[in-house]
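**Q** Hey, dropping data.pdb in here, PDB, C-alpha atoms and all ligand atoms:
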ATOM      1  CA  MET A1269      10.128   2.157  -0.068
ATOM      2  CA  LEU A1270       9.412   0.506   3.275
ATOM      3  CA  LEU A1271      11.898  -1.356   5.459
ATOM      4  CA  SER A1272      11.677  -5.077   4.715
ATOM      5  CA  SER A1273      10.642  -5.847   8.310
ATOM      6  CA  THR A1274       7.836  -3.295   8.001
ATOM      7  CA  THR A1275       6.694  -4.809   4.701
ATOM      8  CA  GLN A1276       6.519  -8.233   6.355
ATOM      9  CA  GLN A1277       4.682  -6.840   9.381
ATOM     10  CA  LEU A1278       2.195  -5.000   7.179
ATOM     11  CA  GLN A1279       1.582  -8.121   5.067
ATOM     12  CA  SER A1280       0.919 -10.103   8.234
ATOM     13  CA  ILE A1281      -1.681  -7.508   9.267
ATOM     14  CA  ILE A1282      -3.253  -7.500   5.794
ATOM     15  CA  ASN A1283      -3.577 -11.299   5.957
ATOM     16  CA  LYS A1284      -5.856 -10.879   8.992
ATOM     17  CA  CYS A1285      -8.240  -8.517   7.177
ATOM     18  CA  HIS A1286     -10.401 -11.124   5.476
ATOM     19  CA  SER A1287     -12.331 -12.050   8.609
ATOM     20  CA  ARG A1288     -13.543  -8.515   9.313
ATOM     21  CA  ILE A1289     -16.761  -6.822   8.254
ATOM     22  CA  VAL A1290     -16.562  -3.181   7.243
ATOM     23  CA  TYR A1291     -19.197  -0.467   6.757
ATOM     24  CA  GLN A1292     -18.282   2.798   5.107
ATOM     25  CA  VAL A1293     -19.888   5.659   7.046
ATOM     26  CA  ASN A1294     -18.661   8.438   4.749
ATOM     27  CA  GLU A1295     -15.710   9.154   2.463
ATOM     28  CA  SER A1296     -13.115   8.720   5.199
ATOM     29  CA  VAL A1297     -14.855   7.062   8.165
ATOM     30  CA  PHE A1298     -15.315   3.292   8.456
ATOM     31  CA  GLU A1299     -16.755   0.967  11.075
ATOM     32  CA  VAL A1300     -14.834  -2.318  11.257
ATOM     33  CA  LYS A1301     -16.318  -5.263  13.154
ATOM     34  CA  ASN A1302     -14.238  -7.991  14.779
ATOM     35  CA  ASN A1303     -15.288 -11.627  14.911
ATOM     36  CA  ASN A1304     -16.608 -11.138  18.454
ATOM     37  CA  SER A1305     -18.979  -8.339  17.350
ATOM     38  CA  ASN A1306     -16.805  -5.579  18.864
ATOM     39  CA  PHE A1307     -16.126  -2.757  16.448
ATOM     40  CA  HIS A1308     -13.682   0.055  15.879
ATOM     41  CA  ILE A1309     -14.071   3.348  14.041
ATOM     42  CA  VAL A1310     -11.355   4.275  11.530
ATOM     43  CA  ASN A1311     -10.904   7.757  10.122
ATOM     44  CA  LEU A1312      -8.527   7.745   7.157
ATOM     45  CA  THR A1313      -8.391  11.548   6.975
ATOM     46  CA  LEU A1314      -7.429  12.007  10.631
ATOM     47  CA  LEU A1315      -5.359   8.774  10.578
ATOM     48  CA  THR A1316      -7.067   7.375  13.673
ATOM     49  CA  CYS A1317      -8.589   4.126  14.888
ATOM     50  CA  THR A1318     -10.455   3.734  18.156
ATOM     51  CA  CYS A1319      -8.137   0.847  19.129
ATOM     52  CA  LYS A1320      -5.373   3.540  19.264
ATOM     53  CA  GLN A1321      -2.705   1.264  17.708
ATOM     54  CA  PHE A1322      -2.626   3.262  14.471
ATOM     55  CA  GLN A1323      -1.933   6.498  16.338
ATOM     56  CA  GLU A1324       0.652   4.887  18.620
ATOM     57  CA  TYR A1325       2.716   2.935  16.074
ATOM     58  CA  ARG A1326       1.983   5.021  12.959
ATOM     59  CA  LEU A1327       1.509   1.676  11.196
ATOM     60  CA  PRO A1328      -1.991   0.653  10.097
ATOM     61  CA  CYS A1329      -3.685  -1.753  12.518
ATOM     62  CA  VAL A1330      -5.893  -4.522  11.146
ATOM     63  CA  HIS A1331      -8.997  -2.271  11.387
ATOM     64  CA  THR A1332      -7.270   0.491   9.466
ATOM     65  CA  CYS A1333      -6.057  -1.968   6.820
ATOM     66  CA  VAL A1334      -9.608  -3.211   6.328
ATOM     67  CA  ALA A1335     -10.795   0.379   5.861
ATOM     68  CA  ILE A1336      -7.913   1.201   3.509
ATOM     69  CA  LEU A1337      -8.630  -1.842   1.348
ATOM     70  CA  LYS A1338     -12.364  -0.975   1.314
ATOM     71  CA  ALA A1339     -11.377   2.496   0.074
ATOM     72  CA  CYS A1340      -9.343   0.797  -2.706
ATOM     73  CA  LYS A1341      -6.086   2.297  -1.470
ATOM     74  CA  GLN A1342      -2.730   0.758  -0.587
ATOM     75  CA  PRO A1343      -1.983   0.175   3.140
ATOM     76  CA  SER A1344       1.677   1.061   2.522
ATOM     77  CA  GLN A1345       0.581   4.632   1.713
ATOM     78  CA  PHE A1346      -0.588   5.007   5.336
ATOM     79  CA  VAL A1347       2.680   3.920   6.940
ATOM     80  CA  HIS A1348       4.541   6.768   8.642
ATOM     81  CA  SER A1349       7.776   7.942   7.019
ATOM     82  CA  THR A1350       9.832   6.660   9.968
ATOM     83  CA  TYR A1351       9.346   3.184   8.489
ATOM     84  CA  HIS A1352      10.791   4.207   5.116
ATOM     85  CA  ILE A1353      14.310   3.230   4.073
ATOM     86  CA  THR A1354      15.159   6.765   2.974
ATOM     87  CA  THR A1355      14.331   8.131   6.428
ATOM     88  CA  LEU A1356      16.678   5.648   8.081
ATOM     89  CA  GLN A1357      19.390   6.423   5.532
ATOM     90  CA  ASN A1358      19.045  10.154   6.188
ATOM     91  CA  VAL A1359      19.245   9.669   9.957
ATOM     92  CA  TYR A1360      22.631   7.953   9.694
ATOM     93  CA  LYS A1361      23.910   9.781   6.602
ATOM     94  CA  GLU A1362      26.318  12.130   8.367
ATOM     95  CA  SER A1363      26.027  11.673  12.101
ATOM     96  CA  VAL A1364      27.889   8.380  12.610
ATOM     97  CA  GLN A1365      31.656   8.285  12.383
ATOM     98  CA  LEU A1366      33.606   5.187  13.291
ATOM     99  CA  VAL A1367      36.455   5.769  15.704
ATOM    100  CA  ASP A1368      39.314   3.390  16.419
ATOM    101  CA  ILE A1369      39.643   3.545  20.206
ATOM    102  CA  LYS A1370      43.303   2.500  19.997
ATOM    103  CA  THR A1371      44.222   5.697  18.163
ATOM    104  CA  CYS A1372      42.475   8.013  20.609
ATOM    105  CA  PHE A1373      44.584  10.243  22.846
ATOM    106  CA  PHE A1374      43.623  10.034  26.512
ATOM    107  CA  ASP A1375      44.242  13.259  28.418
ATOM    108  CA  ASN A1376      42.584  12.208  31.706
ATOM    109  CA  LYS A1377      40.239  15.184  31.291
ATOM    110  CA  THR A1378      38.006  13.795  28.587
ATOM    111  CA  LEU A1379      36.189  10.818  30.001
ATOM    112  CA  LEU A1380      33.805   8.277  28.616
ATOM    113  CA  PRO A1381      30.143   9.015  29.371
ATOM    114  CA  VAL A1382      28.771   7.456  32.538
ATOM    115  CA  MET A1383      26.359   4.700  31.572
ATOM    116  CA  ILE A1384      23.389   4.292  33.896
ATOM    117  CA  LYS A1385      21.095   1.358  33.297
ATOM    118  CA  GLN A1386      17.483   2.493  33.306
ATOM    119  CA  ALA A1387      14.892   0.509  35.207
ATOM    120  CA  GLY A1388      12.796  -1.835  33.102
TER     121      GLY A1388
HETATM  122 ZN    ZN B1401      -7.442  -0.377  15.044
END
Turn the structure described in the file into structure tokens.
Ligand SMILES: [Zn+2]

**A**
Amino acid sequence: MLLSSTTQQLQSIINKCHSRIVYQVNESVFEVKNNNSNFHIVNLTLLTCTCKQFQEYRLPCVHTCVAILKACKQPSQFVHSTYHITTLQNVYKESVQLVDIKTCFFDNKTLLPVMIKQAG
């Protein structure tokens, strides 16, 4: 199951698919044309799109969604596992423990980490 924000984001992308033209090159490769006649190549086996957004965010871009829908598959199946609820639950399952700072013993040897603000 996807995070609700991811489901909303994916639906927003899917809603933009109707204005695209798609040609299926072979079983996994698609050419998707934008309104301005530019096009992108999607490979559903390699999980790539020439716009590079699919590789960067691991979330289908509009071109990839068009190709996925043309292949009669579900876009949610192509979302990386980092966007799944179970992944988030597993990340925080054991590693976070709440500490009441008032009950901590200060020995003047153990110090808080130095926080340095990064540029940007
Ligand atoms: Zn793309």

**Q** Please identify every polymer residue within 10 Å of ligand ZN 1401 (chain B), using all atoms listed in the file, and present the set as a list in words.

**A**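 So the residues close to ligand ZN 1401 (chain B) are Val1300, Phe1307, His1308, Ile1309, Val1310, Thr1316, Cys1317, Thr1318, Cys1319, Lys1320, Gln1321, Phe1322, Gln1323, Leu1327, Pro1328, Cys1329, Val1330, His1331, Thr1332, Cys1333, Val1334 and Ala1335 of chain A.
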
**Q** Name the residues in contact with Thr1350 in chain A at a cut-off of 10 Å, using all atoms listed in the file, excluding same-chain residues fewer than 3 positions from it; report them as a ChimeraX atom specification.

**A** /A:1270-1271,1326-1327,1347,1353-1356,1359

**Q** Of the residues A:Lys1341, A:Lys1370, A:His1352, A:Lys1284, which is the one nearest to Ser1296 in chain A, using only C-alpha atoms?

**A** A:Lys1341

**Q** Measure the distance from CA of Leu1312 in chain A to CA of Asn1358 in chain A in Å and round it to one decimal.

**A**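 For CA of Leu1312 in chain A relative to CA of Asn1358 in chain A, the distance reads 27.7 Å.
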
**Q** Any idea what the distance is between CA of Gln1345 in chain A and CA of Lys1361 in chain A?

**A**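 Spanning CA of Gln1345 in chain A to CA of Lys1361 in chain A is a straight-line distance of 24.4 Å.
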
**Q** Name the residues in contact with Ser1272 in chain A at a cut-off of 12 Å, using only C-alpha atoms, excluding same-chain residues fewer than 5 positions from it; report them as a VMD selection string.

**A** chain A and resid 1277 to 1279 1344 1351 to 1353

**Q** Could you please determine the separation between CA of Phe1346 in chain A and CA of Leu1315 in chain A in Å, to one decimal place?

**A**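 Computing it gives 8.0 Å between the two atoms.
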
**Q** For range 1334-1360 of chain A, which lacks atoms in the input, supply N, CA and C atoms and format the output as an mmCIF file, keeping the file's coordinate frame.

**A**
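What ended up in rebuild.cif:
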data_model
loop_
_atom_site.group_PDB
_atom_site.id
_atom_site.type_symbol
_atom_site.label_atom_id
_atom_site.label_comp_id
_atom_site.auth_asym_id
_atom_site.auth_seq_id
_atom_site.Cartn_x
_atom_site.Cartn_y
_atom_site.Cartn_z
ATOM 1 N N VAL A 1334 -8.307 -2.845 6.908
ATOM 2 C CA VAL A 1334 -9.608 -3.211 6.328
ATOM 3 C C VAL A 1334 -10.252 -1.977 5.678
ATOM 4 N N ALA A 1335 -10.217 -0.862 6.392
ATOM 5 C CA ALA A 1335 -10.795 0.379 5.861
ATOM 6 C C ALA A 1335 -10.046 0.850 4.613
ATOM 7 N N ILE A 1336 -8.734 0.762 4.645
ATOM 8 C CA ILE A 1336 -7.913 1.201 3.509
ATOM 9 C C ILE A 1336 -8.235 0.352 2.274
ATOM 10 N N LEU A 1337 -8.328 -0.951 2.480
ATOM 11 C CA LEU A 1337 -8.630 -1.842 1.348
ATOM 12 C C LEU A 1337 -10.048 -1.592 0.827
ATOM 13 N N LYS A 1338 -10.989 -1.297 1.730
ATOM 14 C CA LYS A 1338 -12.364 -0.975 1.314
ATOM 15 C C LYS A 1338 -12.370 0.311 0.472
ATOM 16 N N ALA A 1339 -11.481 1.230 0.817
ATOM 17 C CA ALA A 1339 -11.377 2.496 0.074
ATOM 18 C C ALA A 1339 -10.551 2.345 -1.208
ATOM 19 N N CYS A 1340 -10.141 1.102 -1.506
ATOM 20 C CA CYS A 1340 -9.343 0.797 -2.706
ATOM 21 C C CYS A 1340 -8.021 1.567 -2.735
ATOM 22 N N LYS A 1341 -7.394 1.657 -1.575
ATOM 23 C CA LYS A 1341 -6.086 2.297 -1.470
ATOM 24 C C LYS A 1341 -5.075 1.266 -0.978
ATOM 25 N N GLN A 1342 -3.807 1.649 -1.006
ATOM 26 C CA GLN A 1342 -2.730 0.758 -0.587
ATOM 27 C C GLN A 1342 -2.368 1.011 0.887
ATOM 28 N N PRO A 1343 -2.373 -0.015 1.742
ATOM 29 C CA PRO A 1343 -1.983 0.175 3.140
ATOM 30 C C PRO A 1343 -0.598 0.801 3.308
ATOM 31 N N SER A 1344 0.315 0.505 2.407
ATOM 32 C CA SER A 1344 1.677 1.061 2.522
ATOM 33 C C SER A 1344 1.681 2.589 2.436
ATOM 34 N N GLN A 1345 0.654 3.177 1.806
ATOM 35 C CA GLN A 1345 0.581 4.632 1.713
ATOM 36 C C GLN A 1345 0.277 5.281 3.065
ATOM 37 N N PHE A 1346 -0.197 4.485 4.029
ATOM 38 C CA PHE A 1346 -0.588 5.007 5.336
ATOM 39 C C PHE A 1346 0.453 4.705 6.423
ATOM 40 N N VAL A 1347 1.596 4.194 6.000
ATOM 41 C CA VAL A 1347 2.680 3.920 6.940
ATOM 42 C C VAL A 1347 3.500 5.194 7.116
ATOM 43 N N HIS A 1348 3.794 5.539 8.353
ATOM 44 C CA HIS A 1348 4.541 6.768 8.642
ATOM 45 C C HIS A 1348 5.942 6.715 8.031
ATOM 46 N N SER A 1349 6.476 7.859 7.704
ATOM 47 C CA SER A 1349 7.776 7.942 7.019
ATOM 48 C C SER A 1349 8.928 7.381 7.854
ATOM 49 N N THR A 1350 8.754 7.234 9.159
ATOM 50 C CA THR A 1350 9.832 6.660 9.968
ATOM 51 C C THR A 1350 10.108 5.211 9.603
ATOM 52 N N TYR A 1351 9.160 4.570 8.914
ATOM 53 C CA TYR A 1351 9.346 3.184 8.489
ATOM 54 C C TYR A 1351 9.908 3.090 7.073
ATOM 55 N N HIS A 1352 10.270 4.211 6.487
ATOM 56 C CA HIS A 1352 10.791 4.207 5.116
ATOM 57 C C HIS A 1352 12.312 4.107 5.131
ATOM 58 N N ILE A 1353 12.863 3.417 4.168
ATOM 59 C CA ILE A 1353 14.310 3.230 4.073
ATOM 60 C C ILE A 1353 15.027 4.571 3.959
ATOM 61 N N THR A 1354 14.491 5.482 3.184
ATOM 62 C CA THR A 1354 15.159 6.765 2.974
ATOM 63 C C THR A 1354 15.264 7.565 4.274
ATOM 64 N N THR A 1355 14.282 7.436 5.145
ATOM 65 C CA THR A 1355 14.331 8.131 6.428
ATOM 66 C C THR A 1355 15.478 7.591 7.273
ATOM 67 N N LEU A 1356 15.597 6.272 7.320
ATOM 68 C CA LEU A 1356 16.678 5.648 8.081
ATOM 69 C C LEU A 1356 18.043 6.029 7.499
ATOM 70 N N GLN A 1357 18.134 6.047 6.185
ATOM 71 C CA GLN A 1357 19.390 6.423 5.532
ATOM 72 C C GLN A 1357 19.762 7.868 5.864
ATOM 73 N N ASN A 1358 18.774 8.749 5.884
ATOM 74 C CA ASN A 1358 19.045 10.154 6.188
ATOM 75 C C ASN A 1358 19.460 10.365 7.642
ATOM 76 N N VAL A 1359 18.893 9.551 8.540
ATOM 77 C CA VAL A 1359 19.245 9.669 9.957
ATOM 78 C C VAL A 1359 20.729 9.383 10.166
ATOM 79 N N TYR A 1360 21.243 8.374 9.472
ATOM 80 C CA TYR A 1360 22.631 7.953 9.694
ATOM 81 C C TYR A 1360 23.583 8.453 8.610
#
